[in-house]
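Participant: Coordinates in target16.tsv, TSV, C-alpha atoms, are listed below.
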chain	number	residue	atom	x	y	z
I	200	MET	CA	0.00	0.00	0.00
I	201	LYS	CA	2.89	2.36	0.78
I	202	TYR	CA	4.32	1.98	-2.75
I	203	LEU	CA	0.84	2.31	-4.28
I	204	ASN	CA	0.20	5.60	-2.47
I	205	LYS	CA	3.52	7.02	-3.65
I	206	THR	CA	2.81	5.89	-7.20
I	207	VAL	CA	-0.62	7.56	-7.22
I	208	PHE	CA	0.87	10.74	-5.75
I	209	SER	CA	3.60	10.83	-8.39
I	210	LEU	CA	1.09	10.39	-11.22
I	211	ALA	CA	-1.04	13.19	-9.77
I	212	VAL	CA	1.98	15.52	-9.62
I	213	ALA	CA	2.89	14.63	-13.21
I	214	GLY	CA	-0.65	15.30	-14.40
I	215	MET	CA	-0.77	18.66	-12.64
I	216	SER	CA	2.58	19.59	-14.18
I	217	LEU	CA	1.32	18.87	-17.70
I	218	LEU	CA	-1.93	20.75	-17.01
I	219	SER	CA	0.07	23.74	-15.78
I	220	GLY	CA	2.13	23.65	-18.96
I	221	ASN	CA	-1.02	23.56	-21.10
I	222	VAL	CA	-2.54	26.53	-19.28
I	223	SER	CA	0.68	28.52	-19.58
I	224	ALA	CA	0.83	27.80	-23.30
I	225	GLN	CA	-2.74	29.04	-23.74
I	226	PHE	CA	-1.75	32.34	-22.14
I	227	LEU	CA	1.15	32.49	-24.62
I	228	GLY	CA	-1.26	32.12	-27.53
I	229	GLY	CA	-1.24	28.33	-27.77
I	230	HIS	CA	-4.32	26.53	-29.01
I	231	ARG	CA	-5.68	23.04	-29.52
I	232	LEU	CA	-6.69	22.04	-33.03
I	233	LYS	CA	-10.43	21.57	-33.46
I	234	SER	CA	-11.83	18.20	-34.46
I	235	ASP	CA	-13.03	19.54	-37.83
I	236	GLU	CA	-9.65	21.11	-38.71
I	237	ASP	CA	-7.13	19.41	-40.97
I	238	GLY	CA	-4.71	17.66	-38.62
I	239	PRO	CA	-2.87	14.44	-37.79
I	240	LYS	CA	-5.85	12.52	-36.35
I	241	GLY	CA	-5.51	8.83	-37.34
I	242	GLN	CA	-1.82	9.09	-38.22
I	243	LEU	CA	1.06	7.09	-36.73
I	244	MET	CA	4.13	8.80	-35.30
I	245	VAL	CA	7.58	7.23	-34.90
I	246	TYR	CA	10.10	9.09	-32.76
I	247	GLY	CA	13.44	8.71	-31.05
I	248	SER	CA	16.15	10.62	-29.23
I	249	LEU	CA	19.68	10.21	-27.96
I	250	ASP	CA	20.85	11.84	-24.72
I	251	TYR	CA	24.41	12.17	-23.43
I	252	SER	CA	25.82	13.63	-20.21
I	253	LYS	CA	29.29	13.59	-18.65
I	254	VAL	CA	30.74	14.68	-15.31
I	255	THR	CA	34.51	15.01	-14.85
I	256	THR	CA	36.40	15.65	-11.61
I	257	PRO	CA	40.17	15.75	-10.97
I	258	THR	CA	40.11	12.06	-9.98
I	259	ASN	CA	37.13	10.50	-11.75
I	260	SER	CA	34.87	10.74	-14.78
I	261	SER	CA	31.37	9.39	-15.35
I	262	SER	CA	29.12	9.40	-18.38
I	263	THR	CA	25.61	8.35	-19.37
I	264	VAL	CA	24.35	7.41	-22.82
I	265	SER	CA	20.66	6.79	-23.34
I	266	SER	CA	17.90	6.55	-25.89
I	267	ALA	CA	15.05	8.36	-24.18
I	268	PRO	CA	13.09	6.78	-25.68
I	269	LEU	CA	12.20	5.20	-29.04
I	270	GLY	CA	8.48	4.91	-29.62
I	271	VAL	CA	5.44	4.55	-31.82
I	272	GLY	CA	2.25	6.52	-31.20
I	273	TYR	CA	-1.24	6.91	-32.62
I	274	PHE	CA	-3.12	10.23	-32.88
I	275	ILE	CA	-6.49	9.58	-31.25
I	276	ASN	CA	-7.42	13.14	-32.26
I	277	ASN	CA	-5.58	16.17	-33.64
I	278	ASN	CA	-3.88	16.92	-30.32
I	279	ASP	CA	-3.37	13.71	-28.33
I	280	LEU	CA	-1.30	10.56	-28.85
I	281	ILE	CA	-1.06	7.21	-27.10
I	282	GLY	CA	1.61	4.63	-27.79
I	283	VAL	CA	4.38	2.28	-26.66
I	284	ASN	CA	8.10	2.95	-26.35
I	285	TYR	CA	11.47	1.52	-25.35
I	286	ALA	CA	14.51	3.14	-23.76
I	287	TYR	CA	18.07	2.08	-22.95
I	288	SER	CA	20.67	3.73	-20.75
I	289	GLN	CA	24.23	2.91	-19.78
I	290	ASN	CA	26.43	4.47	-17.10
I	291	SER	CA	30.21	4.28	-17.07
I	292	VAL	CA	32.73	5.29	-14.41
I	293	ASN	CA	36.32	5.77	-15.51
I	294	HIS	CA	35.36	4.09	-18.81
I	295	ASN	CA	34.04	0.94	-17.05
I	296	VAL	CA	30.35	0.07	-17.44
I	297	VAL	CA	28.69	-0.09	-14.01
I	298	TYR	CA	25.00	0.13	-14.94
I	299	LYS	CA	22.76	-1.00	-17.82
I	300	GLN	CA	19.04	-0.38	-17.91
I	301	ASN	CA	16.19	-1.26	-20.27
I	302	GLU	CA	12.64	0.04	-19.95
I	303	THR	CA	9.47	-0.30	-21.96
I	304	GLY	CA	5.86	0.69	-21.49
I	305	ILE	CA	3.02	2.95	-22.53
I	306	TRP	CA	2.81	6.73	-22.91
I	307	TYR	CA	0.35	9.57	-23.41
I	308	SER	CA	1.13	12.92	-25.02
I	309	PRO	CA	-1.08	16.04	-25.32
I	310	SER	CA	-0.02	19.05	-27.40
I	311	LEU	CA	-0.76	22.73	-28.07
I	312	MET	CA	0.09	24.65	-31.22
I	313	LEU	CA	2.25	27.76	-30.69
I	314	GLY	CA	1.77	29.49	-34.01
I	315	LYS	CA	2.23	27.67	-37.32
I	316	TYR	CA	5.55	25.88	-36.82
I	317	PHE	CA	5.97	25.37	-33.06
I	318	VAL	CA	4.24	22.95	-30.68
I	319	LEU	CA	4.30	22.65	-26.89
I	320	ILE	CA	4.13	18.95	-26.01
I	321	GLY	CA	3.73	17.11	-22.73
I	322	GLN	CA	4.44	13.41	-22.23
I	323	ILE	CA	3.76	10.90	-19.46
I	324	ASP	CA	5.52	7.49	-19.46
I	325	ALA	CA	4.73	4.42	-17.34
I	326	HIS	CA	7.49	1.83	-17.77
I	327	TYR	CA	8.64	-1.59	-16.60
I	328	VAL	CA	12.39	-1.50	-15.94
I	329	TRP	CA	15.09	-4.19	-15.91
I	330	GLY	CA	18.86	-4.34	-16.19
I	331	GLN	CA	22.18	-4.91	-14.42
I	332	GLN	CA	24.24	-2.91	-11.95
I	333	GLN	CA	27.54	-3.36	-10.20
I	334	ALA	CA	27.16	-5.05	-6.81
I	335	THR	CA	28.34	-3.08	-3.78
I	336	THR	CA	30.18	-6.07	-2.29
I	337	ALA	CA	31.83	-7.40	-5.47
I	338	ASP	CA	32.93	-6.45	-8.96
I	339	ALA	CA	30.24	-8.68	-10.50
I	340	MET	CA	27.04	-7.28	-12.02
I	341	GLN	CA	23.67	-8.10	-10.43
I	342	ASN	CA	20.22	-8.10	-12.02
I	343	PHE	CA	17.43	-5.72	-11.03
I	344	ASN	CA	13.88	-4.83	-12.07
I	345	GLY	CA	11.24	-2.26	-11.16
I	346	PHE	CA	9.23	0.57	-12.68
I	347	ARG	CA	9.48	4.23	-13.69
I	348	LEU	CA	6.89	7.03	-13.87
I	349	ARG	CA	7.96	10.12	-15.79
I	350	ALA	CA	6.49	13.39	-17.11
I	351	TYR	CA	8.29	15.98	-19.20
I	352	PRO	CA	7.63	18.91	-21.57
I	353	LEU	CA	9.01	19.33	-25.09
I	354	ILE	CA	9.09	22.06	-27.72
I	355	GLY	CA	8.48	20.75	-31.23
I	356	ILE	CA	9.52	22.44	-34.47
I	357	LEU	CA	7.51	21.31	-37.51
I	358	LEU	CA	9.81	20.80	-40.51
I	359	GLY	CA	7.23	19.74	-43.09
I	360	GLY	CA	6.55	16.37	-44.67
I	361	GLY	CA	5.58	14.93	-41.29
I	362	TRP	CA	9.05	15.58	-39.78
I	363	ALA	CA	9.58	17.44	-36.49
I	364	LEU	CA	12.43	18.21	-34.11
I	365	LYS	CA	11.64	17.76	-30.39
I	366	PHE	CA	13.54	19.50	-27.58
I	367	LYS	CA	13.08	18.15	-24.06
I	368	PHE	CA	14.08	20.73	-21.43
I	369	ALA	CA	12.84	19.46	-18.04
I	370	GLU	CA	11.71	16.31	-16.26
I	371	LEU	CA	9.77	15.01	-13.28
I	372	SER	CA	10.31	11.30	-12.69
I	373	MET	CA	10.43	8.51	-10.14
I	374	LEU	CA	12.40	5.29	-10.58
I	375	GLN	CA	12.12	2.32	-8.21
I	376	THR	CA	14.19	-0.83	-8.69
I	377	LYS	CA	15.04	-3.85	-6.56
I	378	THR	CA	17.68	-6.56	-6.38
I	379	LYS	CA	17.77	-9.77	-4.36
I	380	GLU	CA	20.67	-8.46	-2.27
I	381	GLU	CA	19.65	-4.85	-1.63
I	382	GLY	CA	15.86	-4.63	-1.95
I	383	TRP	CA	14.20	-1.45	-3.25
I	384	THR	CA	16.19	1.57	-4.42
I	385	LYS	CA	14.42	4.84	-5.25
I	386	SER	CA	15.59	7.84	-7.26
I	387	TYR	CA	13.85	11.05	-8.30
I	388	VAL	CA	14.47	13.75	-10.90
I	389	ALA	CA	12.75	17.15	-10.84
I	390	GLY	CA	13.68	20.36	-12.60
I	391	ILE	CA	15.83	21.68	-15.43
I	392	SER	CA	19.47	20.72	-15.86
I	393	GLY	CA	21.91	19.34	-18.40
I	394	SER	CA	20.86	15.80	-17.49
I	395	THR	CA	17.20	16.54	-18.32
I	396	PHE	CA	17.90	18.11	-21.73
I	397	GLY	CA	17.50	16.03	-24.87
I	398	VAL	CA	16.91	16.39	-28.60
I	399	GLY	CA	14.84	13.97	-30.70
I	400	ILE	CA	13.20	13.68	-34.06
I	401	SER	CA	9.81	12.31	-35.13
I	402	LYS	CA	8.05	11.36	-38.35
I	403	ASN	CA	4.31	11.09	-38.97
I	404	PHE	CA	2.97	8.43	-41.32
I	405	ASP	CA	-0.47	8.77	-42.84
I	406	PHE	CA	-2.08	5.43	-43.78
I	407	ARG	CA	-5.60	6.84	-43.96
I	408	LYS	CA	-7.56	6.35	-47.15
I	409	LYS	CA	-7.75	9.49	-49.21
I	410	THR	CA	-11.23	10.65	-50.12
I	411	ALA	CA	-11.78	11.90	-53.63
I	412	LYS	CA	-12.66	15.58	-53.92
I	413	ASN	CA	-15.35	16.78	-56.29
I	414	ASP	CA	-14.36	19.93	-58.13
I	415	TYR	CA	-17.73	21.51	-58.80
Just give me the structure as structure tokens.
Facilitator:
Amino acid sequence: MKYLNKTVFSLAVAGMSLLSGNVSAQFLGGHRLKSDEDGPKGQLMVYGSLDYSKVTTPTNSSSTVSSAPLGVGYFINNNDLIGVNYAYSQNSVNHNVVYKQNETGIWYSPSLMLGKYFVLIGQIDAHYVWGQQQATTADAMQNFNGFRLRAYPLIGILLGGGWALKFKFAELSMLQTKTKEEGWTKSYVAGISGSTFGVGISKNFDFRKKTAKNDY
């Protein structure tokens, strides 16, 4: 029950964050496309991104490489998508891999148009997580699994032809994993920093049947 309460609370915070972003965008002139407007409803979107961060001190260096994430979504209307995705991350310390993580799950993404070529996007992910990490008592790697809840905003730039650049600039997330030796480990991310910044690209595919137009 304790974990369930924290999960519900985290989802509520994520939802309020996205709602706040939507309201702010409306004050900035953002708008949702109407159902009768020409838009992406019924299209599929494929997207992906690659994030990299590195910290160097006089005695050590650490780096993280991740795909965050790769996914496929379906426009249920002109403004909202649902889909599935997959992400991978790897941490290295002094060029030795100490952590590998896979995650996959479902996501939901609302959006607001900011003019003709810019879009404010929110995304919520709910993922199952598994991987390996270096054991604290030995050099061997140990398996772990768990779950992640994450919400983050993006700015999209429409390039034409269904292509768009996506810039992630903040994140609110909770990750909980467990191993046989150590039990549950929890980590949280909230705010704007170099580790929460990422750039991705997406492509829309339209498989809808075209209706013939009568020129009368």
Participant: Just to confirm, what's the straight-line distance from CA of Trp329 (chain I) to CA of Tyr246 (chain I) in Å (one decimal)?
Facilitator: 22.0 Å
Participant: Using only C-alpha atoms, find each residue of region 226-297 of chain I with at least one atom at most 10 Å away from an atom of region 353-366 of chain I; report its shortest atom-to-atom pair and that distance in Å (one decimal), sort the rows by chain and rising residue number, and return the result as a Markdown table.
Facilitator:
| residue | atom | partner | partner_atom | distance |
| --- | --- | --- | --- | --- |
| I:Pro239 | CA | I:Gly361 | CA | 9.2 |
| I:Gln242 | CA | I:Gly361 | CA | 9.9 |
| I:Met244 | CA | I:Gly361 | CA | 8.7 |
| I:Val245 | CA | I:Trp362 | CA | 9.8 |
| I:Tyr246 | CA | I:Lys365 | CA | 9.1 |
| I:Gly247 | CA | I:Lys365 | CA | 9.3 |
| I:Ser248 | CA | I:Lys365 | CA | 8.5 |
Participant: Under the rule that all atoms listed in the file are counted, which of I:Gln322, I:Asn403, I:Ser266, I:Asn342 is the nearest residue to Glu302 (chain I)?
Facilitator: I:Ser266
Participant: Given the point (-3.7, 6.7, -44.0) in the file's coordinates, find the residues that have an atom at most 10 Å from it, counting all atoms listed in the file, and give them as a list in words.
Facilitator: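 Output of the proximity query reads Pro239, Lys240, Gly241, Gln242, Leu243, Phe404, Asp405, Phe406, Arg407, Lys408 and Lys409 of chain I.
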Participant: In terms of the shortest atom-to-atom distance over all atoms listed in the file, which of I:Ala339, I:Ala350, I:Leu249, I:Val388 is closest to Val297 (chain I)?
Facilitator: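 Among I:Ala339, I:Ala350, I:Leu249, I:Val388, it is I:Ala339 that comes nearest to Val297 (chain I).
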Participant: Some atoms are absent from region 324-347 of chain I, so rebuild N, CA and C atoms and return them as a PDB file, keeping the file's coordinate frame.
Facilitator:
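Output contents, as saved in selection07.pdb:
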ATOM      1  N   ASP I 324       5.118   8.877 -19.220  1.00  0.00           N
ATOM      2  CA  ASP I 324       5.520   7.490 -19.460  1.00  0.00           C
ATOM      3  C   ASP I 324       5.268   6.652 -18.215  1.00  0.00           C
ATOM      4  N   ALA I 325       4.829   5.417 -18.407  1.00  0.00           N
ATOM      5  CA  ALA I 325       4.730   4.420 -17.340  1.00  0.00           C
ATOM      6  C   ALA I 325       5.447   3.171 -17.832  1.00  0.00           C
ATOM      7  N   HIS I 326       6.597   2.842 -17.227  1.00  0.00           N
ATOM      8  CA  HIS I 326       7.490   1.830 -17.770  1.00  0.00           C
ATOM      9  C   HIS I 326       7.818   0.716 -16.789  1.00  0.00           C
ATOM     10  N   TYR I 327       7.989  -0.484 -17.317  1.00  0.00           N
ATOM     11  CA  TYR I 327       8.640  -1.590 -16.600  1.00  0.00           C
ATOM     12  C   TYR I 327      10.124  -1.488 -16.875  1.00  0.00           C
ATOM     13  N   VAL I 328      10.939  -1.720 -15.849  1.00  0.00           N
ATOM     14  CA  VAL I 328      12.390  -1.500 -15.940  1.00  0.00           C
ATOM     15  C   VAL I 328      13.125  -2.776 -15.558  1.00  0.00           C
ATOM     16  N   TRP I 329      14.209  -3.085 -16.281  1.00  0.00           N
ATOM     17  CA  TRP I 329      15.090  -4.190 -15.910  1.00  0.00           C
ATOM     18  C   TRP I 329      16.495  -3.914 -16.397  1.00  0.00           C
ATOM     19  N   GLY I 330      17.490  -4.564 -15.765  1.00  0.00           N
ATOM     20  CA  GLY I 330      18.860  -4.340 -16.190  1.00  0.00           C
ATOM     21  C   GLY I 330      19.863  -4.969 -15.246  1.00  0.00           C
ATOM     22  N   GLN I 331      21.095  -4.424 -15.256  1.00  0.00           N
ATOM     23  CA  GLN I 331      22.180  -4.910 -14.420  1.00  0.00           C
ATOM     24  C   GLN I 331      22.925  -3.730 -13.813  1.00  0.00           C
ATOM     25  N   GLN I 332      23.419  -3.924 -12.596  1.00  0.00           N
ATOM     26  CA  GLN I 332      24.240  -2.910 -11.950  1.00  0.00           C
ATOM     27  C   GLN I 332      25.355  -3.578 -11.162  1.00  0.00           C
ATOM     28  N   GLN I 333      26.403  -2.811 -10.923  1.00  0.00           N
ATOM     29  CA  GLN I 333      27.540  -3.360 -10.200  1.00  0.00           C
ATOM     30  C   GLN I 333      27.183  -3.568  -8.736  1.00  0.00           C
ATOM     31  N   ALA I 334      27.466  -4.747  -8.207  1.00  0.00           N
ATOM     32  CA  ALA I 334      27.160  -5.050  -6.810  1.00  0.00           C
ATOM     33  C   ALA I 334      28.072  -4.243  -5.894  1.00  0.00           C
ATOM     34  N   THR I 335      27.558  -3.882  -4.724  1.00  0.00           N
ATOM     35  CA  THR I 335      28.340  -3.080  -3.780  1.00  0.00           C
ATOM     36  C   THR I 335      29.408  -3.902  -3.073  1.00  0.00           C
ATOM     37  N   THR I 336      29.225  -5.227  -3.020  1.00  0.00           N
ATOM     38  CA  THR I 336      30.180  -6.070  -2.290  1.00  0.00           C
ATOM     39  C   THR I 336      31.127  -6.835  -3.205  1.00  0.00           C
ATOM     40  N   ALA I 337      30.965  -6.666  -4.533  1.00  0.00           N
ATOM     41  CA  ALA I 337      31.830  -7.400  -5.470  1.00  0.00           C
ATOM     42  C   ALA I 337      31.870  -6.645  -6.786  1.00  0.00           C
ATOM     43  N   ASP I 338      32.806  -7.076  -7.649  1.00  0.00           N
ATOM     44  CA  ASP I 338      32.930  -6.450  -8.960  1.00  0.00           C
ATOM     45  C   ASP I 338      31.913  -6.999  -9.960  1.00  0.00           C
ATOM     46  N   ALA I 339      31.205  -8.068  -9.585  1.00  0.00           N
ATOM     47  CA  ALA I 339      30.240  -8.680 -10.500  1.00  0.00           C
ATOM     48  C   ALA I 339      29.006  -7.794 -10.653  1.00  0.00           C
ATOM     49  N   MET I 340      28.293  -8.005 -11.761  1.00  0.00           N
ATOM     50  CA  MET I 340      27.040  -7.280 -12.020  1.00  0.00           C
ATOM     51  C   MET I 340      25.878  -8.103 -11.461  1.00  0.00           C
ATOM     52  N   GLN I 341      24.851  -7.429 -10.935  1.00  0.00           N
ATOM     53  CA  GLN I 341      23.670  -8.100 -10.430  1.00  0.00           C
ATOM     54  C   GLN I 341      22.430  -7.577 -11.149  1.00  0.00           C
ATOM     55  N   ASN I 342      21.442  -8.449 -11.304  1.00  0.00           N
ATOM     56  CA  ASN I 342      20.220  -8.100 -12.020  1.00  0.00           C
ATOM     57  C   ASN I 342      19.267  -7.299 -11.120  1.00  0.00           C
ATOM     58  N   PHE I 343      18.463  -6.460 -11.742  1.00  0.00           N
ATOM     59  CA  PHE I 343      17.430  -5.720 -11.030  1.00  0.00           C
ATOM     60  C   PHE I 343      16.221  -5.540 -11.927  1.00  0.00           C
ATOM     61  N   ASN I 344      15.078  -5.200 -11.321  1.00  0.00           N
ATOM     62  CA  ASN I 344      13.880  -4.830 -12.070  1.00  0.00           C
ATOM     63  C   ASN I 344      13.055  -3.863 -11.239  1.00  0.00           C
ATOM     64  N   GLY I 345      12.062  -3.227 -11.874  1.00  0.00           N
ATOM     65  CA  GLY I 345      11.240  -2.260 -11.160  1.00  0.00           C
ATOM     66  C   GLY I 345      10.351  -1.510 -12.122  1.00  0.00           C
ATOM     67  N   PHE I 346      10.098  -0.226 -11.820  1.00  0.00           N
ATOM     68  CA  PHE I 346       9.230   0.570 -12.680  1.00  0.00           C
ATOM     69  C   PHE I 346       9.638   2.039 -12.612  1.00  0.00           C
ATOM     70  N   ARG I 347       9.226   2.798 -13.637  1.00  0.00           N
ATOM     71  CA  ARG I 347       9.480   4.230 -13.690  1.00  0.00           C
ATOM     72  C   ARG I 347       8.205   4.967 -14.114  1.00  0.00           C
TER      73      ARG I 347
END
